[in-house]
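What's in protein38.cif: mmCIF, N, CA and C atoms, pLDDT in the B column; chains and numbers go by the auth columns
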```cif
data_upload
loop_
_atom_site.group_PDB
_atom_site.id
_atom_site.type_symbol
_atom_site.label_atom_id
_atom_site.label_comp_id
_atom_site.label_asym_id
_atom_site.label_seq_id
_atom_site.Cartn_x
_atom_site.Cartn_y
_atom_site.Cartn_z
_atom_site.B_iso_or_equiv
_atom_site.auth_seq_id
_atom_site.auth_asym_id
ATOM 1 N N MET A 1 0.849 -1.174 0.000 59.00 1 A
ATOM 2 C CA MET A 1 0.000 0.000 0.000 59.00 1 A
ATOM 3 C C MET A 1 0.892 1.234 0.000 59.00 1 A
ATOM 4 N N LEU A 2 0.675 2.126 -0.934 63.00 2 A
ATOM 5 C CA LEU A 2 1.468 3.341 -1.041 63.00 2 A
ATOM 6 C C LEU A 2 0.688 4.509 -0.474 63.00 2 A
ATOM 7 N N ILE A 3 1.277 5.179 0.499 65.00 3 A
ATOM 8 C CA ILE A 3 0.685 6.373 1.092 65.00 3 A
ATOM 9 C C ILE A 3 1.571 7.540 0.713 65.00 3 A
ATOM 10 N N GLN A 4 0.979 8.590 0.157 70.00 4 A
ATOM 11 C CA GLN A 4 1.771 9.737 -0.251 70.00 4 A
ATOM 12 C C GLN A 4 1.384 10.964 0.561 70.00 4 A
ATOM 13 N N PHE A 5 2.390 11.674 1.034 76.00 5 A
ATOM 14 C CA PHE A 5 2.210 12.923 1.740 76.00 5 A
ATOM 15 C C PHE A 5 3.035 13.985 1.031 76.00 5 A
ATOM 16 N N ARG A 6 2.704 15.227 1.234 81.00 6 A
ATOM 17 C CA ARG A 6 3.463 16.312 0.633 81.00 6 A
ATOM 18 C C ARG A 6 4.712 16.567 1.469 81.00 6 A
ATOM 19 N N PHE A 7 5.874 16.568 0.825 81.00 7 A
ATOM 20 C CA PHE A 7 7.143 16.780 1.521 81.00 7 A
ATOM 21 C C PHE A 7 7.277 18.244 1.938 81.00 7 A
ATOM 22 N N HIS A 8 7.691 18.454 3.188 83.00 8 A
ATOM 23 C CA HIS A 8 7.887 19.793 3.735 83.00 8 A
ATOM 24 C C HIS A 8 9.351 19.942 4.144 83.00 8 A
ATOM 25 N N PRO A 9 10.199 20.531 3.279 86.00 9 A
ATOM 26 C CA PRO A 9 11.623 20.643 3.606 86.00 9 A
ATOM 27 C C PRO A 9 11.881 21.460 4.875 86.00 9 A
ATOM 28 N N GLU A 10 11.036 22.454 5.143 90.00 10 A
ATOM 29 C CA GLU A 10 11.227 23.257 6.351 90.00 10 A
ATOM 30 C C GLU A 10 11.064 22.397 7.606 90.00 10 A
ATOM 31 N N LYS A 11 10.053 21.533 7.607 89.00 11 A
ATOM 32 C CA LYS A 11 9.831 20.651 8.753 89.00 11 A
ATOM 33 C C LYS A 11 10.963 19.644 8.898 89.00 11 A
ATOM 34 N N ALA A 12 11.497 19.170 7.779 88.00 12 A
ATOM 35 C CA ALA A 12 12.606 18.221 7.824 88.00 12 A
ATOM 36 C C ALA A 12 13.836 18.876 8.451 88.00 12 A
ATOM 37 N N VAL A 13 14.111 20.114 8.068 92.00 13 A
ATOM 38 C CA VAL A 13 15.258 20.839 8.628 92.00 13 A
ATOM 39 C C VAL A 13 15.042 21.108 10.115 92.00 13 A
ATOM 40 N N GLU A 14 13.827 21.512 10.484 93.00 14 A
ATOM 41 C CA GLU A 14 13.530 21.764 11.896 93.00 14 A
ATOM 42 C C GLU A 14 13.653 20.490 12.725 93.00 14 A
ATOM 43 N N ALA A 15 13.156 19.379 12.206 92.00 15 A
ATOM 44 C CA ALA A 15 13.249 18.107 12.922 92.00 15 A
ATOM 45 C C ALA A 15 14.712 17.690 13.087 92.00 15 A
ATOM 46 N N ALA A 16 15.509 17.868 12.046 93.00 16 A
ATOM 47 C CA ALA A 16 16.930 17.541 12.132 93.00 16 A
ATOM 48 C C ALA A 16 17.620 18.419 13.167 93.00 16 A
ATOM 49 N N ALA A 17 17.273 19.704 13.205 95.00 17 A
ATOM 50 C CA ALA A 17 17.871 20.621 14.178 95.00 17 A
ATOM 51 C C ALA A 17 17.519 20.212 15.606 95.00 17 A
ATOM 52 N N VAL A 18 16.282 19.807 15.822 94.00 18 A
ATOM 53 C CA VAL A 18 15.863 19.364 17.157 94.00 18 A
ATOM 54 C C VAL A 18 16.635 18.117 17.565 94.00 18 A
ATOM 55 N N LEU A 19 16.747 17.151 16.661 93.00 19 A
ATOM 56 C CA LEU A 19 17.475 15.920 16.985 93.00 19 A
ATOM 57 C C LEU A 19 18.952 16.203 17.271 93.00 19 A
ATOM 58 N N LEU A 20 19.558 17.077 16.483 94.00 20 A
ATOM 59 C CA LEU A 20 20.967 17.420 16.715 94.00 20 A
ATOM 60 C C LEU A 20 21.148 18.133 18.044 94.00 20 A
ATOM 61 N N LYS A 21 20.226 19.023 18.388 95.00 21 A
ATOM 62 C CA LYS A 21 20.312 19.740 19.664 95.00 21 A
ATOM 63 C C LYS A 21 20.146 18.774 20.840 95.00 21 A
ATOM 64 N N LEU A 22 19.197 17.861 20.729 94.00 22 A
ATOM 65 C CA LEU A 22 18.985 16.880 21.800 94.00 22 A
ATOM 66 C C LEU A 22 20.179 15.933 21.943 94.00 22 A
ATOM 67 N N HIS A 23 20.828 15.629 20.839 93.00 23 A
ATOM 68 C CA HIS A 23 21.989 14.734 20.881 93.00 23 A
ATOM 69 C C HIS A 23 23.154 15.408 21.597 93.00 23 A
ATOM 70 N N GLY A 24 23.292 16.729 21.414 93.00 24 A
ATOM 71 C CA GLY A 24 24.282 17.495 22.167 93.00 24 A
ATOM 72 C C GLY A 24 25.692 17.495 21.628 93.00 24 A
ATOM 73 N N LYS A 25 25.961 16.737 20.598 93.00 25 A
ATOM 74 C CA LYS A 25 27.299 16.711 20.000 93.00 25 A
ATOM 75 C C LYS A 25 27.158 16.371 18.527 93.00 25 A
ATOM 76 N N PRO A 26 28.203 16.533 17.738 91.00 26 A
ATOM 77 C CA PRO A 26 28.098 16.227 16.305 91.00 26 A
ATOM 78 C C PRO A 26 27.636 14.780 16.072 91.00 26 A
ATOM 79 N N MET A 27 26.884 14.610 14.997 91.00 27 A
ATOM 80 C CA MET A 27 26.325 13.306 14.686 91.00 27 A
ATOM 81 C C MET A 27 26.638 12.974 13.225 91.00 27 A
ATOM 82 N N LYS A 28 26.874 11.716 12.958 94.00 28 A
ATOM 83 C CA LYS A 28 27.099 11.290 11.582 94.00 28 A
ATOM 84 C C LYS A 28 25.805 11.427 10.787 94.00 28 A
ATOM 85 N N TYR A 29 25.965 11.713 9.497 92.00 29 A
ATOM 86 C CA TYR A 29 24.834 11.935 8.606 92.00 29 A
ATOM 87 C C TYR A 29 23.882 10.746 8.596 92.00 29 A
ATOM 88 N N LEU A 30 24.416 9.536 8.485 93.00 30 A
ATOM 89 C CA LEU A 30 23.578 8.342 8.429 93.00 30 A
ATOM 90 C C LEU A 30 22.803 8.157 9.734 93.00 30 A
ATOM 91 N N GLY A 31 23.437 8.448 10.853 92.00 31 A
ATOM 92 C CA GLY A 31 22.754 8.353 12.146 92.00 31 A
ATOM 93 C C GLY A 31 21.585 9.320 12.226 92.00 31 A
ATOM 94 N N LEU A 32 21.779 10.536 11.717 92.00 32 A
ATOM 95 C CA LEU A 32 20.705 11.532 11.711 92.00 32 A
ATOM 96 C C LEU A 32 19.556 11.070 10.810 92.00 32 A
ATOM 97 N N LEU A 33 19.882 10.528 9.646 89.00 33 A
ATOM 98 C CA LEU A 33 18.833 10.033 8.749 89.00 33 A
ATOM 99 C C LEU A 33 18.034 8.902 9.394 89.00 33 A
ATOM 100 N N LYS A 34 18.718 8.018 10.098 90.00 34 A
ATOM 101 C CA LYS A 34 18.027 6.915 10.770 90.00 34 A
ATOM 102 C C LYS A 34 17.091 7.441 11.850 90.00 34 A
ATOM 103 N N MET A 35 17.553 8.436 12.607 91.00 35 A
ATOM 104 C CA MET A 35 16.714 9.007 13.658 91.00 35 A
ATOM 105 C C MET A 35 15.503 9.728 13.064 91.00 35 A
ATOM 106 N N LEU A 36 15.691 10.434 11.952 89.00 36 A
ATOM 107 C CA LEU A 36 14.564 11.093 11.283 89.00 36 A
ATOM 108 C C LEU A 36 13.569 10.063 10.774 89.00 36 A
ATOM 109 N N TYR A 37 14.062 8.954 10.238 87.00 37 A
ATOM 110 C CA TYR A 37 13.198 7.888 9.749 87.00 37 A
ATOM 111 C C TYR A 37 12.356 7.313 10.890 87.00 37 A
ATOM 112 N N ILE A 38 13.008 7.038 12.013 90.00 38 A
ATOM 113 C CA ILE A 38 12.289 6.488 13.169 90.00 38 A
ATOM 114 C C ILE A 38 11.268 7.492 13.694 90.00 38 A
ATOM 115 N N ALA A 39 11.652 8.771 13.781 89.00 39 A
ATOM 116 C CA ALA A 39 10.725 9.805 14.252 89.00 39 A
ATOM 117 C C ALA A 39 9.516 9.902 13.317 89.00 39 A
ATOM 118 N N ASP A 40 9.742 9.792 12.017 86.00 40 A
ATOM 119 C CA ASP A 40 8.638 9.823 11.064 86.00 40 A
ATOM 120 C C ASP A 40 7.711 8.629 11.263 86.00 40 A
ATOM 121 N N ARG A 41 8.269 7.456 11.488 86.00 41 A
ATOM 122 C CA ARG A 41 7.446 6.254 11.706 86.00 41 A
ATOM 123 C C ARG A 41 6.605 6.380 12.969 86.00 41 A
ATOM 124 N N VAL A 42 7.215 6.901 14.048 90.00 42 A
ATOM 125 C CA VAL A 42 6.481 7.082 15.305 90.00 42 A
ATOM 126 C C VAL A 42 5.370 8.117 15.120 90.00 42 A
ATOM 127 N N ALA A 43 5.685 9.224 14.448 88.00 43 A
ATOM 128 C CA ALA A 43 4.673 10.259 14.203 88.00 43 A
ATOM 129 C C ALA A 43 3.535 9.703 13.349 88.00 43 A
ATOM 130 N N LEU A 44 3.868 8.893 12.355 84.00 44 A
ATOM 131 C CA LEU A 44 2.836 8.306 11.502 84.00 44 A
ATOM 132 C C LEU A 44 1.915 7.404 12.316 84.00 44 A
ATOM 133 N N LYS A 45 2.499 6.652 13.211 88.00 45 A
ATOM 134 C CA LYS A 45 1.697 5.745 14.034 88.00 45 A
ATOM 135 C C LYS A 45 0.815 6.528 15.009 88.00 45 A
ATOM 136 N N ARG A 46 1.362 7.575 15.625 91.00 46 A
ATOM 137 C CA ARG A 46 0.618 8.334 16.643 91.00 46 A
ATOM 138 C C ARG A 46 -0.339 9.365 16.047 91.00 46 A
ATOM 139 N N MET A 47 0.107 10.084 15.001 87.00 47 A
ATOM 140 C CA MET A 47 -0.679 11.203 14.472 87.00 47 A
ATOM 141 C C MET A 47 -1.235 10.944 13.075 87.00 47 A
ATOM 142 N N GLU A 48 -0.933 9.781 12.523 84.00 48 A
ATOM 143 C CA GLU A 48 -1.369 9.383 11.191 84.00 48 A
ATOM 144 C C GLU A 48 -0.804 10.267 10.079 84.00 48 A
ATOM 145 N N GLN A 49 0.323 10.920 10.337 83.00 49 A
ATOM 146 C CA GLN A 49 1.067 11.626 9.299 83.00 49 A
ATOM 147 C C GLN A 49 2.508 11.795 9.768 83.00 49 A
ATOM 148 N N PRO A 50 3.454 11.702 8.843 83.00 50 A
ATOM 149 C CA PRO A 50 4.862 11.833 9.226 83.00 50 A
ATOM 150 C C PRO A 50 5.239 13.290 9.499 83.00 50 A
ATOM 151 N N ILE A 51 6.348 13.487 10.167 85.00 51 A
ATOM 152 C CA ILE A 51 6.825 14.830 10.480 85.00 51 A
ATOM 153 C C ILE A 51 7.221 15.565 9.207 85.00 51 A
ATOM 154 N N THR A 52 8.009 14.920 8.374 82.00 52 A
ATOM 155 C CA THR A 52 8.562 15.581 7.196 82.00 52 A
ATOM 156 C C THR A 52 7.644 15.515 5.985 82.00 52 A
ATOM 157 N N GLY A 53 6.715 14.588 5.982 76.00 53 A
ATOM 158 C CA GLY A 53 5.853 14.404 4.830 76.00 53 A
ATOM 159 C C GLY A 53 6.536 13.677 3.698 76.00 53 A
ATOM 160 N N ASP A 54 7.713 13.117 3.973 69.00 54 A
ATOM 161 C CA ASP A 54 8.478 12.425 2.942 69.00 54 A
ATOM 162 C C ASP A 54 7.716 11.202 2.448 69.00 54 A
ATOM 163 N N ARG A 55 7.894 10.887 1.160 61.00 55 A
ATOM 164 C CA ARG A 55 7.221 9.731 0.569 61.00 55 A
ATOM 165 C C ARG A 55 7.945 8.451 0.949 61.00 55 A
ATOM 166 N N CYS A 56 7.200 7.493 1.434 58.00 56 A
ATOM 167 C CA CYS A 56 7.750 6.174 1.769 58.00 56 A
ATOM 168 C C CYS A 56 6.711 5.129 1.423 58.00 56 A
ATOM 169 N N ARG A 57 7.156 3.936 1.265 53.00 57 A
ATOM 170 C CA ARG A 57 6.228 2.830 1.039 53.00 57 A
ATOM 171 C C ARG A 57 6.004 2.155 2.393 53.00 57 A
ATOM 172 N N TRP A 58 4.788 2.314 2.902 50.00 58 A
ATOM 173 C CA TRP A 58 4.427 1.719 4.196 50.00 58 A
ATOM 174 C C TRP A 58 3.632 0.461 3.905 50.00 58 A
ATOM 175 N N ILE A 59 4.095 -0.659 4.408 47.00 59 A
ATOM 176 C CA ILE A 59 3.427 -1.935 4.182 47.00 59 A
ATOM 177 C C ILE A 59 2.519 -2.206 5.364 47.00 59 A
ATOM 178 N N THR A 60 1.242 -2.370 5.093 48.00 60 A
ATOM 179 C CA THR A 60 0.265 -2.598 6.140 48.00 60 A
ATOM 180 C C THR A 60 0.624 -3.845 6.940 48.00 60 A
ATOM 181 N N GLY A 61 0.587 -3.702 8.243 46.00 61 A
ATOM 182 C CA GLY A 61 0.839 -4.829 9.117 46.00 61 A
ATOM 183 C C GLY A 61 2.292 -5.019 9.511 46.00 61 A
ATOM 184 N N LEU A 62 3.213 -4.374 8.834 46.00 62 A
ATOM 185 C CA LEU A 62 4.631 -4.489 9.185 46.00 62 A
ATOM 186 C C LEU A 62 5.107 -3.182 9.792 46.00 62 A
ATOM 187 N N TYR A 63 5.378 -3.199 11.068 44.00 63 A
ATOM 188 C CA TYR A 63 5.886 -1.996 11.709 44.00 63 A
ATOM 189 C C TYR A 63 7.101 -2.285 12.484 44.00 63 A
#
```

Mind turning this structure into structure tokens?
Amino acid sequence: MLIQFRFHPEKAVEAAAVLLKLHGKPMKYLGLLKMLYIADRVALKRMEQPITGDRCRWITGLY
């Protein structure tokens, strides 16, 4: 099942800034991407929409 949301680059940058601030020290790029991915999945589950609005293929039943 493909769910499409409109991508919001401003929200993606803000979310990355929050994660970097909470981490408190420099973070590798891949680590930041993984944290953004997880945050988007949690937001999708709780609020039924991702933080960034990025397009992903969500498979029903697999979380």

Atom pair CA of Arg6 (chain A) / CA of Lys21 (chain A): separation (Å):
25.6 Å

Could you check how far CA of Tyr29 (chain A) sits from CA of Leu44 (chain A), in Å to one decimal?
22.5 Å

Pick from A:Ala43, A:Pro50, A:Leu32, A:Phe7, whichever lies nearest to Leu19 (chain A) using all atoms listed in the file
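Result for the nearest residue to Leu19 (chain A): A:Leu32.
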
Check which residues satisfy the PyMOL selection byres ((chain A and resi 11-16) around 7) in the file shown, then give them as a PyMOL selection string.
chain A and resi 8-10+17-21+36+51-53

How would the residues just picked look written out with N, CA and C atoms as a PDB file, in the coordinates of the input?
```pdb
ATOM      1  N   HIS A   8       7.691  18.454   3.188  1.00 83.00           N
ATOM      2  CA  HIS A   8       7.887  19.793   3.735  1.00 83.00           C
ATOM      3  C   HIS A   8       9.351  19.942   4.144  1.00 83.00           C
ATOM      4  N   PRO A   9      10.199  20.531   3.279  1.00 86.00           N
ATOM      5  CA  PRO A   9      11.623  20.643   3.606  1.00 86.00           C
ATOM      6  C   PRO A   9      11.881  21.460   4.875  1.00 86.00           C
ATOM      7  N   GLU A  10      11.036  22.454   5.143  1.00 90.00           N
ATOM      8  CA  GLU A  10      11.227  23.257   6.351  1.00 90.00           C
ATOM      9  C   GLU A  10      11.064  22.397   7.606  1.00 90.00           C
ATOM     10  N   ALA A  17      17.273  19.704  13.205  1.00 95.00           N
ATOM     11  CA  ALA A  17      17.871  20.621  14.178  1.00 95.00           C
ATOM     12  C   ALA A  17      17.519  20.212  15.606  1.00 95.00           C
ATOM     13  N   VAL A  18      16.282  19.807  15.822  1.00 94.00           N
ATOM     14  CA  VAL A  18      15.863  19.364  17.157  1.00 94.00           C
ATOM     15  C   VAL A  18      16.635  18.117  17.565  1.00 94.00           C
ATOM     16  N   LEU A  19      16.747  17.151  16.661  1.00 93.00           N
ATOM     17  CA  LEU A  19      17.475  15.920  16.985  1.00 93.00           C
ATOM     18  C   LEU A  19      18.952  16.203  17.271  1.00 93.00           C
ATOM     19  N   LEU A  20      19.558  17.077  16.483  1.00 94.00           N
ATOM     20  CA  LEU A  20      20.967  17.420  16.715  1.00 94.00           C
ATOM     21  C   LEU A  20      21.148  18.133  18.044  1.00 94.00           C
ATOM     22  N   LYS A  21      20.226  19.023  18.388  1.00 95.00           N
ATOM     23  CA  LYS A  21      20.312  19.740  19.664  1.00 95.00           C
ATOM     24  C   LYS A  21      20.146  18.774  20.840  1.00 95.00           C
ATOM     25  N   LEU A  36      15.691  10.434  11.952  1.00 89.00           N
ATOM     26  CA  LEU A  36      14.564  11.093  11.283  1.00 89.00           C
ATOM     27  C   LEU A  36      13.569  10.063  10.774  1.00 89.00           C
ATOM     28  N   ILE A  51       6.348  13.487  10.167  1.00 85.00           N
ATOM     29  CA  ILE A  51       6.825  14.830  10.480  1.00 85.00           C
ATOM     30  C   ILE A  51       7.221  15.565   9.207  1.00 85.00           C
ATOM     31  N   THR A  52       8.009  14.920   8.374  1.00 82.00           N
ATOM     32  CA  THR A  52       8.562  15.581   7.196  1.00 82.00           C
ATOM     33  C   THR A  52       7.644  15.515   5.985  1.00 82.00           C
ATOM     34  N   GLY A  53       6.715  14.588   5.982  1.00 76.00           N
ATOM     35  CA  GLY A  53       5.853  14.404   4.830  1.00 76.00           C
ATOM     36  C   GLY A  53       6.536  13.677   3.698  1.00 76.00           C
TER      37      GLY A  53
END
```
